[in-house]
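Colleague: I'm passing along upload18.tsv; it holds TSV, C-alpha atoms.
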chain	number	residue	atom	x	y	z
A	1052	GLN	CA	8.24	18.81	8.63
A	1053	VAL	CA	7.24	15.16	9.05
A	1054	GLN	CA	6.58	12.48	6.43
A	1055	LEU	CA	4.49	9.53	7.55
A	1056	VAL	CA	4.25	6.16	5.81
A	1057	GLU	CA	1.62	3.61	6.83
A	1058	SER	CA	1.61	-0.10	6.20
A	1059	GLY	CA	-0.13	-3.24	7.39
A	1060	GLY	CA	-3.64	-2.90	6.04
A	1061	GLY	CA	-5.44	-5.67	4.20
A	1062	LEU	CA	-8.40	-8.01	4.12
A	1063	VAL	CA	-9.26	-9.97	7.25
A	1064	GLN	CA	-12.22	-12.03	8.38
A	1065	PRO	CA	-14.44	-10.89	11.27
A	1066	GLY	CA	-12.75	-11.72	14.55
A	1067	GLY	CA	-9.32	-11.50	12.98
A	1068	ALA	CA	-6.42	-9.18	13.70
A	1069	LEU	CA	-4.17	-6.73	11.90
A	1070	ARG	CA	-1.29	-4.53	12.97
A	1071	LEU	CA	-0.85	-1.17	11.30
A	1072	SER	CA	2.49	0.62	11.29
A	1073	CYS	CA	3.29	4.29	10.76
A	1074	THR	CA	6.92	5.23	10.26
A	1075	ALA	CA	7.98	8.85	10.59
A	1076	SER	CA	10.78	10.67	8.80
A	1077	ARG	CA	12.11	12.15	12.03
A	1078	ASP	CA	12.77	11.17	15.62
A	1079	ILE	CA	9.29	10.60	17.05
A	1080	ARG	CA	10.47	11.56	20.54
A	1081	SER	CA	10.14	15.12	19.25
A	1082	ILE	CA	6.51	14.57	18.20
A	1083	LYS	CA	4.09	15.51	20.95
A	1084	THR	CA	1.14	13.41	19.81
A	1085	MET	CA	0.64	10.72	17.18
A	1086	GLY	CA	-2.46	8.76	16.40
A	1087	TRP	CA	-4.88	7.20	13.98
A	1088	TYR	CA	-8.03	8.28	12.20
A	1089	ARG	CA	-10.20	6.27	9.86
A	1090	GLN	CA	-12.59	7.19	7.07
A	1091	VAL	CA	-15.36	5.42	5.24
A	1092	PRO	CA	-16.27	6.77	1.78
A	1093	GLY	CA	-18.93	9.44	2.07
A	1094	GLU	CA	-18.38	9.95	5.79
A	1095	GLN	CA	-16.24	12.25	7.91
A	1096	ARG	CA	-12.85	11.16	9.11
A	1097	GLU	CA	-13.17	9.64	12.60
A	1098	TRP	CA	-10.54	9.80	15.31
A	1099	VAL	CA	-9.61	6.33	16.58
A	1100	ALA	CA	-6.68	6.52	19.00
A	1101	ALA	CA	-3.77	8.69	20.10
A	1102	ILE	CA	-0.53	8.37	22.03
A	1103	THR	CA	1.61	11.12	23.49
A	1104	SER	CA	5.39	11.35	23.66
A	1105	GLY	CA	5.04	10.39	27.31
A	1106	GLY	CA	3.14	7.23	26.44
A	1107	SER	CA	-0.38	8.25	27.48
A	1108	THR	CA	-3.05	6.69	25.29
A	1109	ASN	CA	-6.68	7.39	24.42
A	1110	TYR	CA	-9.24	5.54	22.32
A	1111	VAL	CA	-12.61	6.22	20.79
A	1112	GLU	CA	-15.46	4.34	22.39
A	1113	GLY	CA	-16.00	1.12	20.54
A	1114	VAL	CA	-12.37	0.18	19.98
A	1115	GLU	CA	-11.05	0.34	23.54
A	1116	GLY	CA	-10.22	-3.19	24.64
A	1117	ARG	CA	-9.84	-4.34	21.03
A	1118	PHE	CA	-7.25	-1.88	19.67
A	1119	THR	CA	-3.89	-1.02	21.22
A	1120	ILE	CA	-1.77	1.94	20.18
A	1121	SER	CA	1.96	1.94	20.88
A	1122	ARG	CA	5.18	3.50	19.68
A	1123	ASP	CA	8.76	2.29	19.26
A	1124	ASN	CA	11.04	5.29	19.54
A	1125	THR	CA	14.07	3.29	18.36
A	1126	LYS	CA	12.33	2.68	15.02
A	1127	ASN	CA	10.48	6.01	14.76
A	1128	THR	CA	7.35	3.94	14.32
A	1129	MET	CA	3.87	3.92	15.81
A	1130	PHE	CA	1.62	0.87	15.77
A	1131	LEU	CA	-2.08	0.08	15.99
A	1132	GLN	CA	-2.77	-3.50	16.98
A	1133	MET	CA	-6.35	-4.30	16.04
A	1134	ASN	CA	-7.93	-7.46	17.45
A	1135	SER	CA	-11.46	-8.87	17.28
A	1136	LEU	CA	-12.07	-6.91	14.11
A	1137	GLU	CA	-15.63	-6.25	13.03
A	1138	PRO	CA	-17.08	-5.35	9.62
A	1139	GLU	CA	-17.76	-1.88	11.03
A	1140	ASP	CA	-14.01	-1.36	11.35
A	1141	THR	CA	-13.68	-1.37	7.56
A	1142	ALA	CA	-12.16	1.96	6.49
A	1143	VAL	CA	-9.05	3.69	5.26
A	1144	TYR	CA	-6.82	4.24	8.28
A	1145	TYR	CA	-4.63	7.35	8.43
A	1146	CYS	CA	-1.85	8.02	10.88
A	1147	HIS	CA	-1.19	11.57	11.99
A	1148	ALA	CA	1.42	13.49	13.90
A	1149	TRP	CA	1.06	16.77	15.75
A	1150	TYR	CA	4.41	18.51	15.45
A	1151	MET	CA	5.38	22.16	15.88
A	1152	SER	CA	1.72	23.24	15.87
A	1153	LYS	CA	0.97	21.50	12.59
A	1154	MET	CA	-0.87	18.29	11.79
A	1155	TYR	CA	0.78	15.87	9.36
A	1156	TRP	CA	-0.92	12.91	7.68
A	1157	GLY	CA	0.08	9.67	6.10
A	1158	GLN	CA	-1.33	8.47	2.79
A	1159	GLY	CA	-3.71	5.95	4.36
A	1160	THR	CA	-3.99	2.18	4.34
A	1161	GLN	CA	-7.14	0.21	3.58
A	1162	VAL	CA	-8.54	-2.18	6.17
A	1163	THR	CA	-11.37	-4.45	5.04
A	1164	VAL	CA	-13.13	-6.80	7.45
A	1165	SER	CA	-15.29	-9.26	5.56
A	1166	SER	CA	-16.05	-12.94	5.32
The structure in this file should be written as structure tokens.
Modeller:
Amino acid sequence: QVQLVESGGGLVQPGGALRLSCTASRDIRSIKTMGWYRQVPGEQREWVAAITSGGSTNYVEGVEGRFTISRDNTKNTMFLQMNSLEPEDTAVYYCHAWYMSKMYWGQGTQVTVSS
């Protein structure tokens, strides 16, 4: 089992930056894939980015070049650095972990991009 705790959300102006963190309750070297989804009220949850235990990364079109996903195995923490934020990036961001054939989710952190 894996517990995930996100932090780092908040209110930022367009063009600004935020860094989200997701800390896991176990050694993340044992977690095959971790990543981020986001959800706007009334819409489906959208996949944003993922990183494997080997360090391979993938991004949804529209965030590549602005967002960077990374992981620090020494801290059991995954990050999402978000730059050049746009109002369309406003959502609740959820981290996830794929471990032992099960998907685990964090509680979510709100990101609001507004002037």
Colleague: Which residues, written as a ChimeraX atom specification, have at least one atom at most 9 Å from Ser1165 (chain A), with only C-alpha atoms counted and residues fewer than 2 positions away on the same chain left out?
Modeller: /A:1062-1065,1137-1138,1141,1163
Colleague: With distances taken over all atoms listed in the file, which residue among A:Thr1084, A:Gln1095, A:Ser1152, A:Gln1158 lies nearest Gln1052 (chain A)?
Modeller: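 Checking each candidate against Gln1052 (chain A), we get A:Ser1152 as the closest.
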Colleague: Mind giving me the straight-line distance from CA of Glu1115 (chain A) to CA of Asn1134 (chain A) in Å, one decimal?
Modeller: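 Computing it gives 10.4 Å between the two atoms.
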Colleague: Residues at most 10 Å from Arg1077 (chain A), counting all atoms listed in the file, excluding those fewer than 5 positions away in the same chain, as number ranges by chain?
Modeller: A: 1052-1055, 1082, 1126-1128
Colleague: Which residue, A:Tyr1144, A:Asp1123, A:Ser1104, A:Gln1132, has the smallest gap to Tyr1088 (chain A) when you use all atoms listed in the file?
Modeller: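 Closest to Tyr1088 (chain A) of all the choices is A:Tyr1144.
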Colleague: Supply region 1070-1106 of chain A as a PDB file, keeping the file's coordinate frame, with N, CA and C atoms built in where the input has gaps.
Modeller:
ATOM      1  N   ARG A1070      -2.104  -5.534  12.306  1.00  0.00           N
ATOM      2  CA  ARG A1070      -1.290  -4.530  12.970  1.00  0.00           C
ATOM      3  C   ARG A1070      -0.856  -3.501  11.926  1.00  0.00           C
ATOM      4  N   LEU A1071      -1.254  -2.277  12.159  1.00  0.00           N
ATOM      5  CA  LEU A1071      -0.850  -1.170  11.300  1.00  0.00           C
ATOM      6  C   LEU A1071       0.420  -0.535  11.846  1.00  0.00           C
ATOM      7  N   SER A1072       1.264  -0.076  10.921  1.00  0.00           N
ATOM      8  CA  SER A1072       2.490   0.620  11.290  1.00  0.00           C
ATOM      9  C   SER A1072       2.505   1.999  10.645  1.00  0.00           C
ATOM     10  N   CYS A1073       3.125   2.941  11.296  1.00  0.00           N
ATOM     11  CA  CYS A1073       3.290   4.290  10.760  1.00  0.00           C
ATOM     12  C   CYS A1073       4.702   4.741  11.098  1.00  0.00           C
ATOM     13  N   THR A1074       5.531   4.859  10.061  1.00  0.00           N
ATOM     14  CA  THR A1074       6.920   5.230  10.260  1.00  0.00           C
ATOM     15  C   THR A1074       7.127   6.696   9.887  1.00  0.00           C
ATOM     16  N   ALA A1075       7.765   7.415  10.781  1.00  0.00           N
ATOM     17  CA  ALA A1075       7.980   8.850  10.590  1.00  0.00           C
ATOM     18  C   ALA A1075       9.381   9.129  10.061  1.00  0.00           C
ATOM     19  N   SER A1076       9.509  10.293   9.410  1.00  0.00           N
ATOM     20  CA  SER A1076      10.780  10.670   8.800  1.00  0.00           C
ATOM     21  C   SER A1076      11.726  11.345   9.784  1.00  0.00           C
ATOM     22  N   ARG A1077      11.262  11.538  11.016  1.00  0.00           N
ATOM     23  CA  ARG A1077      12.110  12.150  12.030  1.00  0.00           C
ATOM     24  C   ARG A1077      11.946  11.430  13.342  1.00  0.00           C
ATOM     25  N   ASP A1078      12.798  11.775  14.292  1.00  0.00           N
ATOM     26  CA  ASP A1078      12.770  11.170  15.620  1.00  0.00           C
ATOM     27  C   ASP A1078      11.409  11.446  16.274  1.00  0.00           C
ATOM     28  N   ILE A1079      10.644  10.389  16.536  1.00  0.00           N
ATOM     29  CA  ILE A1079       9.290  10.600  17.050  1.00  0.00           C
ATOM     30  C   ILE A1079       9.286  11.049  18.512  1.00  0.00           C
ATOM     31  N   ARG A1080      10.427  11.018  19.180  1.00  0.00           N
ATOM     32  CA  ARG A1080      10.470  11.560  20.540  1.00  0.00           C
ATOM     33  C   ARG A1080      10.221  13.057  20.532  1.00  0.00           C
ATOM     34  N   SER A1081      10.402  13.689  19.375  1.00  0.00           N
ATOM     35  CA  SER A1081      10.140  15.120  19.250  1.00  0.00           C
ATOM     36  C   SER A1081       8.701  15.422  18.871  1.00  0.00           C
ATOM     37  N   ILE A1082       7.900  14.385  18.627  1.00  0.00           N
ATOM     38  CA  ILE A1082       6.510  14.570  18.200  1.00  0.00           C
ATOM     39  C   ILE A1082       5.607  14.412  19.420  1.00  0.00           C
ATOM     40  N   LYS A1083       4.875  15.471  19.725  1.00  0.00           N
ATOM     41  CA  LYS A1083       4.090  15.510  20.950  1.00  0.00           C
ATOM     42  C   LYS A1083       3.003  14.443  20.971  1.00  0.00           C
ATOM     43  N   THR A1084       2.251  14.349  19.881  1.00  0.00           N
ATOM     44  CA  THR A1084       1.140  13.410  19.810  1.00  0.00           C
ATOM     45  C   THR A1084       1.100  12.753  18.440  1.00  0.00           C
ATOM     46  N   MET A1085       0.874  11.468  18.420  1.00  0.00           N
ATOM     47  CA  MET A1085       0.640  10.720  17.180  1.00  0.00           C
ATOM     48  C   MET A1085      -0.628   9.898  17.368  1.00  0.00           C
ATOM     49  N   GLY A1086      -1.233   9.534  16.258  1.00  0.00           N
ATOM     50  CA  GLY A1086      -2.460   8.760  16.400  1.00  0.00           C
ATOM     51  C   GLY A1086      -2.999   8.278  15.068  1.00  0.00           C
ATOM     52  N   TRP A1087      -4.230   7.781  15.141  1.00  0.00           N
ATOM     53  CA  TRP A1087      -4.880   7.200  13.980  1.00  0.00           C
ATOM     54  C   TRP A1087      -6.297   7.748  13.832  1.00  0.00           C
ATOM     55  N   TYR A1088      -6.666   7.986  12.583  1.00  0.00           N
ATOM     56  CA  TYR A1088      -8.030   8.280  12.200  1.00  0.00           C
ATOM     57  C   TYR A1088      -8.436   7.218  11.182  1.00  0.00           C
ATOM     58  N   ARG A1089      -9.723   7.138  10.928  1.00  0.00           N
ATOM     59  CA  ARG A1089     -10.200   6.270   9.860  1.00  0.00           C
ATOM     60  C   ARG A1089     -11.366   6.956   9.135  1.00  0.00           C
ATOM     61  N   GLN A1090     -11.551   6.542   7.891  1.00  0.00           N
ATOM     62  CA  GLN A1090     -12.590   7.190   7.070  1.00  0.00           C
ATOM     63  C   GLN A1090     -13.233   6.176   6.148  1.00  0.00           C
ATOM     64  N   VAL A1091     -14.552   6.211   6.158  1.00  0.00           N
ATOM     65  CA  VAL A1091     -15.360   5.420   5.240  1.00  0.00           C
ATOM     66  C   VAL A1091     -15.820   6.349   4.131  1.00  0.00           C
ATOM     67  N   PRO A1092     -15.840   5.898   2.882  1.00  0.00           N
ATOM     68  CA  PRO A1092     -16.270   6.770   1.780  1.00  0.00           C
ATOM     69  C   PRO A1092     -17.631   7.413   2.059  1.00  0.00           C
ATOM     70  N   GLY A1093     -17.686   8.712   1.859  1.00  0.00           N
ATOM     71  CA  GLY A1093     -18.930   9.440   2.070  1.00  0.00           C
ATOM     72  C   GLY A1093     -19.152   9.893   3.495  1.00  0.00           C
ATOM     73  N   GLU A1094     -18.233   9.553   4.399  1.00  0.00           N
ATOM     74  CA  GLU A1094     -18.380   9.950   5.790  1.00  0.00           C
ATOM     75  C   GLU A1094     -17.178  10.781   6.227  1.00  0.00           C
ATOM     76  N   GLN A1095     -17.340  11.450   7.385  1.00  0.00           N
ATOM     77  CA  GLN A1095     -16.240  12.250   7.910  1.00  0.00           C
ATOM     78  C   GLN A1095     -15.160  11.348   8.490  1.00  0.00           C
ATOM     79  N   ARG A1096     -13.953  11.887   8.495  1.00  0.00           N
ATOM     80  CA  ARG A1096     -12.850  11.160   9.110  1.00  0.00           C
ATOM     81  C   ARG A1096     -13.098  11.083  10.616  1.00  0.00           C
ATOM     82  N   GLU A1097     -12.897   9.896  11.179  1.00  0.00           N
ATOM     83  CA  GLU A1097     -13.170   9.640  12.600  1.00  0.00           C
ATOM     84  C   GLU A1097     -11.875   9.373  13.346  1.00  0.00           C
ATOM     85  N   TRP A1098     -11.700  10.062  14.474  1.00  0.00           N
ATOM     86  CA  TRP A1098     -10.540   9.800  15.310  1.00  0.00           C
ATOM     87  C   TRP A1098     -10.689   8.435  15.970  1.00  0.00           C
ATOM     88  N   VAL A1099      -9.569   7.679  16.038  1.00  0.00           N
ATOM     89  CA  VAL A1099      -9.610   6.330  16.580  1.00  0.00           C
ATOM     90  C   VAL A1099      -8.804   6.214  17.874  1.00  0.00           C
ATOM     91  N   ALA A1100      -7.549   6.687  17.837  1.00  0.00           N
ATOM     92  CA  ALA A1100      -6.680   6.520  19.000  1.00  0.00           C
ATOM     93  C   ALA A1100      -5.526   7.494  18.903  1.00  0.00           C
ATOM     94  N   ALA A1101      -4.914   7.782  20.064  1.00  0.00           N
ATOM     95  CA  ALA A1101      -3.770   8.690  20.100  1.00  0.00           C
ATOM     96  C   ALA A1101      -2.822   8.266  21.209  1.00  0.00           C
ATOM     97  N   ILE A1102      -1.550   8.645  21.026  1.00  0.00           N
ATOM     98  CA  ILE A1102      -0.530   8.370  22.030  1.00  0.00           C
ATOM     99  C   ILE A1102       0.399   9.573  22.102  1.00  0.00           C
ATOM    100  N   THR A1103       0.735   9.983  23.316  1.00  0.00           N
ATOM    101  CA  THR A1103       1.610  11.120  23.490  1.00  0.00           C
ATOM    102  C   THR A1103       3.076  10.677  23.570  1.00  0.00           C
ATOM    103  N   SER A1104       3.962  11.658  23.542  1.00  0.00           N
ATOM    104  CA  SER A1104       5.390  11.350  23.660  1.00  0.00           C
ATOM    105  C   SER A1104       5.703  10.719  25.016  1.00  0.00           C
ATOM    106  N   GLY A1105       4.842  10.986  25.989  1.00  0.00           N
ATOM    107  CA  GLY A1105       5.040  10.390  27.310  1.00  0.00           C
ATOM    108  C   GLY A1105       4.425   9.013  27.459  1.00  0.00           C
ATOM    109  N   GLY A1106       3.711   8.571  26.419  1.00  0.00           N
ATOM    110  CA  GLY A1106       3.140   7.230  26.440  1.00  0.00           C
ATOM    111  C   GLY A1106       1.687   7.140  26.860  1.00  0.00           C
TER     112      GLY A1106
END
